[in-house]
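Asker: The structure under discussion is supplied below as structure tokens; questions concerning it will follow.
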Amino acid sequence: MCPQENSFQPLQFVLLVGVLVASALLLAQCLRWRCPRWLLRTCQKPDGQEDPVPQPTSLPENEPSRQCPPATLPEMAAFYRELNTPTQGQTVIRQLMHKLLVFSAREVDHRGGCLMLQDTGISLLIPPGAVAVGRQERVSLVLVWDLSDAPSLSRAQALVSPVVACGPHGASFLKPCTLTFKHCAQQPSHARTYSSNTTLLDAKAWRPLGRPGAYTSRDECSIHLSHFSLYTCVLEAPAGRVARKWLQLAVFCSPLAPGQSHLQLRVYFLNNTPCALQWALTNEQPHGGRLRGPCQLFDFTGARGDQCLKLKYISEGWENVDDSSCQLIPHLHIWHGKCPFRSFCFRRKGINESEDCSALTNEIIVTMHTFQDGLETKYMEILRFQASEEESWAAPPPVSQPPPCNRLPPELFEQLQMLLEPNSITGNDWRRLASHLGLCGMKIRFLSCQRSSPAAAILELFEEQNGSLKELHYLMTVMDRLDCASAIQSYLSGTQGGSPGPARRPAWDNQGLELDEKL
């Protein structure tokens with residue numbers, strides 16, 4: 001064989017290998033272009049990895065993040081049209097575009113108006129003159145129960161209020177509007193308001209709005225809005241200070257029926273705000289859960305560990321079927337306001353034994369202790385629960401009808417409530433009106449601590465005393481509340497005979513009112 005042939009064979013081999021490799025790469029690229037993306041992701045999963053199976057009763061913090069397809073333009077238009085459709089004074093709870101929302105909408109003109117989300121402590125006031133004369137604007141107030149819309153927080157930050165949206169996004173008015181919602185920070189000076197200048201369906205961009213404590217009172221945030229967007233409140237303690245917030249512990253369970261073998265008890269660890277409790281009530285409705293007893297306050301600190309829930313006592317005739325009598329709740333799940341809960345399941349003794357079932361007790365009594373890890377000997381709350389078969393769960397006991405009383409017009413009631421609700425340094429607010437109606441100082445202080453809206457309670461008391469609008473106008477004049485007197489006079493001037501119409505205000509004392517009074 002000649003030397004030329006020997007030198008030529010390696011070159012041919014290299015060229016042949018190069019052609020084969022290039023062909024393989026080109027074929028793979030073509031397949032990748034033509035293969036659907038969902039199939040590629042399936043093929044690229046590591047060995048042994050399976051799609052997560054959502055549990056029907058999984059905890060909020062354990063739910064997998066939802067990968068929803070991007071919304072189309074018609075879907076987005078329908079979403080915002082639904083939010084801005086007037087709700088006739090009603091508060092609507094609905095799931096739209098994979099978001100659980102609580103909202104209310106109405107039209108306002110140059111006379112202004114207010115929107116309130118019932119039993120949540122959230123309101124929006126559009127003052128007179130904010131809309132030009134001759135124009136009407138549709139406005140909406142939305143409570144967002146989608147946890148993915150909350151700000152991304154560090155371990156030092158805590159979520160202490162709901163996420164609230166005012167719509168339509170970007171709307172501006174001739175005068176600032178006032179948004180009010182509750183917070184649960186123990187030190188109002190540590191609570192900082194945040195804003196996201198985005199729509200509900202866009203990726204959120206949360207930024208601080210002013211300095212800490214600039215818009216907060218003892219348990220409330222009040223923001224003067226130049227335009228509409230998304231808002232919330234975050235707890236940020238200064239360096240060297242311990243951040244703390246108030247929790248409310250709510251116990252739920254289903255009715256105890258005769259012959260029932262098992263009973264599940266659920267304990268929620270919620271921010272101490274009315275809307276957090278309303279979320280728990282809504283979450284329990286599909287399971288038939290009822291709130292058992294008043295909520296208990298808990299002093300939760302950011303400098304400690306996980307929350308412990310320990311079962312201490314079960315009445316005779318029942319046993320715990322869970323593996324452990326102590327459950328842990330991760331610190332950040334509570335600190336970041338994810339509304340977690342833990343449950344215990346109990347079983348009647350004798351169901352699987354030879355005991356006579358008729359001899360079993362027809363009630364259950366449970367005692368639990370809850371505390372932060374490391375603080376069991378210093379600070380602990382005791383939760384007691386009791387249920388019996390004799391209780392009437394199906395329907396509440398009949399209540400005697402109260403005597404008929406005068407009702408303020410709905411629009412006027414809401415306007416007076418908004419004007420009287422903010423606490424005045426001189427006390428010339430709902431407290432002064434309560435004093436004129438005969439309430440003592442102790443009852444006034446009780447209302448300020450227990451009711452989500454003390455002003456509404458006082459106005460309802462005035463209604464029950466069959467007071468007339470003229471009498472209320474006189475009281476406001478004596479109190480030197482000329483803004484309230486002017487609102488009443490405007491209504492009297494617009495009605496014939498100077499008396500309110502027969503329309504009744506929508507019932508404020510619904511099923512959730514009893515719960516709010518226990519907060």
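All residue names refer to the structure tokens as shown: chains lettered A, B, ... in order, residues numbered from 1 in each chain, ligands numbered from 1 in order.
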Where in range 83-237 of chain A does DSSP assign helix (DSSP H, G or I), given as a VMD selection string?
Answerer: chain A and resid 83 147 to 149 188 to 190
Asker: Let's have the selection written as a PDB file, in the first residue's frame, with C-alpha atoms.
Answerer:
ATOM      1  CA  LEU A  83     -65.464  43.703  38.758  1.00  0.00           C
ATOM      2  CA  LEU A 147     -52.065  34.534  48.382  1.00  0.00           C
ATOM      3  CA  SER A 148     -49.865  34.713  45.289  1.00  0.00           C
ATOM      4  CA  ASP A 149     -50.676  38.426  44.935  1.00  0.00           C
ATOM      5  CA  PRO A 188     -48.520  50.789  64.433  1.00  0.00           C
ATOM      6  CA  SER A 189     -45.237  52.651  63.954  1.00  0.00           C
ATOM      7  CA  HIS A 190     -43.706  49.396  62.647  1.00  0.00           C
TER       8      HIS A 190
END
Asker: Which of these residues is nearest to Gly112 in chain A, using only C-alpha atoms: A:Leu412, A:Ala276, A:Leu482, A:Ser325?
Answerer: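 Nearest to Gly112 in chain A: A:Leu412.
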Asker: Pull the strand (DSSP E) assignments for range 87-254 of chain A out of DSSP run on the backbone, and list those residues as a ChimeraX atom specification.
Answerer: /A:92-96,99-108,113-117,122-126,137-144,157-159,163-167,172-182,191-196,206-208,220-227,230-236,244-253
Asker: Quick one: of A:Ala203, A:Asp146, A:Thr87, A:Ala303, who's nearest to Pro70 in chain A, counting only C-alpha atoms?
Answerer: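 Among the listed residues, A:Ala203 lies closest to Pro70 in chain A.
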Asker: Using only C-alpha atoms, which of the listed residues (A:Gln307, A:Ser254, A:Ser140, A:Gln186) sits closest to Ala165 in chain A?
Answerer: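 Among A:Gln307, A:Ser254, A:Ser140, A:Gln186, it is A:Ser140 that comes nearest to Ala165 in chain A.
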Asker: Just the residues within 6 Å of range 335-346 of chain A, please, counting only C-alpha atoms, with nothing from its chain fewer than 4 positions along; format it as a PDB file with N, CA and C atoms, in the first residue's frame.
Answerer:
ATOM      1  N   ALA A 158     -43.414  40.789  57.997  1.00  0.00           N
ATOM      2  CA  ALA A 158     -44.650  40.038  58.232  1.00  0.00           C
ATOM      3  C   ALA A 158     -45.799  40.731  57.523  1.00  0.00           C
ATOM      4  N   LEU A 159     -46.707  39.931  56.990  1.00  0.00           N
ATOM      5  CA  LEU A 159     -47.916  40.475  56.381  1.00  0.00           C
ATOM      6  C   LEU A 159     -48.961  40.667  57.479  1.00  0.00           C
ATOM      7  N   HIS A 262     -66.682   9.473  64.050  1.00  0.00           N
ATOM      8  CA  HIS A 262     -65.486  10.299  64.008  1.00  0.00           C
ATOM      9  C   HIS A 262     -65.869  11.778  63.998  1.00  0.00           C
ATOM     10  N   LEU A 263     -64.951  12.594  64.486  1.00  0.00           N
ATOM     11  CA  LEU A 263     -65.136  14.049  64.483  1.00  0.00           C
ATOM     12  C   LEU A 263     -63.777  14.696  64.261  1.00  0.00           C
ATOM     13  N   GLN A 264     -63.719  15.605  63.290  1.00  0.00           N
ATOM     14  CA  GLN A 264     -62.473  16.324  63.006  1.00  0.00           C
ATOM     15  C   GLN A 264     -62.570  17.749  63.503  1.00  0.00           C
ATOM     16  N   LEU A 265     -61.497  18.204  64.131  1.00  0.00           N
ATOM     17  CA  LEU A 265     -61.397  19.541  64.704  1.00  0.00           C
ATOM     18  C   LEU A 265     -60.287  20.287  63.982  1.00  0.00           C
ATOM     19  N   ARG A 266     -60.546  21.528  63.566  1.00  0.00           N
ATOM     20  CA  ARG A 266     -59.552  22.314  62.848  1.00  0.00           C
ATOM     21  C   ARG A 266     -59.319  23.634  63.566  1.00  0.00           C
ATOM     22  N   VAL A 267     -58.055  23.995  63.747  1.00  0.00           N
ATOM     23  CA  VAL A 267     -57.664  25.237  64.418  1.00  0.00           C
ATOM     24  C   VAL A 267     -56.919  26.100  63.409  1.00  0.00           C
ATOM     25  N   TYR A 268     -57.454  27.288  63.132  1.00  0.00           N
ATOM     26  CA  TYR A 268     -56.845  28.243  62.205  1.00  0.00           C
ATOM     27  C   TYR A 268     -56.005  29.255  62.976  1.00  0.00           C
ATOM     28  N   PHE A 269     -54.856  29.609  62.389  1.00  0.00           N
ATOM     29  CA  PHE A 269     -53.966  30.630  62.940  1.00  0.00           C
ATOM     30  C   PHE A 269     -53.994  31.812  61.973  1.00  0.00           C
ATOM     31  N   LEU A 270     -54.817  32.812  62.304  1.00  0.00           N
ATOM     32  CA  LEU A 270     -55.140  33.894  61.378  1.00  0.00           C
ATOM     33  C   LEU A 270     -54.634  35.228  61.884  1.00  0.00           C
ATOM     34  N   GLU A 319     -61.126   9.038  71.590  1.00  0.00           N
ATOM     35  CA  GLU A 319     -59.686   8.857  71.489  1.00  0.00           C
ATOM     36  C   GLU A 319     -59.170   9.554  70.235  1.00  0.00           C
ATOM     37  N   ASN A 320     -57.892   9.925  70.297  1.00  0.00           N
ATOM     38  CA  ASN A 320     -57.238  10.579  69.168  1.00  0.00           C
ATOM     39  C   ASN A 320     -56.740   9.513  68.196  1.00  0.00           C
ATOM     40  N   VAL A 321     -57.098   9.662  66.910  1.00  0.00           N
ATOM     41  CA  VAL A 321     -56.678   8.669  65.925  1.00  0.00           C
ATOM     42  C   VAL A 321     -55.445   9.121  65.146  1.00  0.00           C
TER      43      VAL A 321
END
Asker: Can you list, as a PDB file with C-alpha atoms, in the first residue's frame, every protein, DNA or RNA residue that comes within 8 Å of Ile122 in chain A when you count only C-alpha atoms, leaving out same-chain residues fewer than 5 positions away?
Answerer:
ATOM      1  CA  MET A 116     -67.805  48.953  51.964  1.00  0.00           C
ATOM      2  CA  LEU A 117     -67.012  45.246  51.947  1.00  0.00           C
ATOM      3  CA  LEU A 179     -59.009  53.765  51.533  1.00  0.00           C
ATOM      4  CA  THR A 180     -59.336  52.154  54.958  1.00  0.00           C
ATOM      5  CA  PHE A 181     -58.544  48.585  56.038  1.00  0.00           C
ATOM      6  CA  LYS A 182     -57.478  46.773  59.209  1.00  0.00           C
TER       7      LYS A 182
END
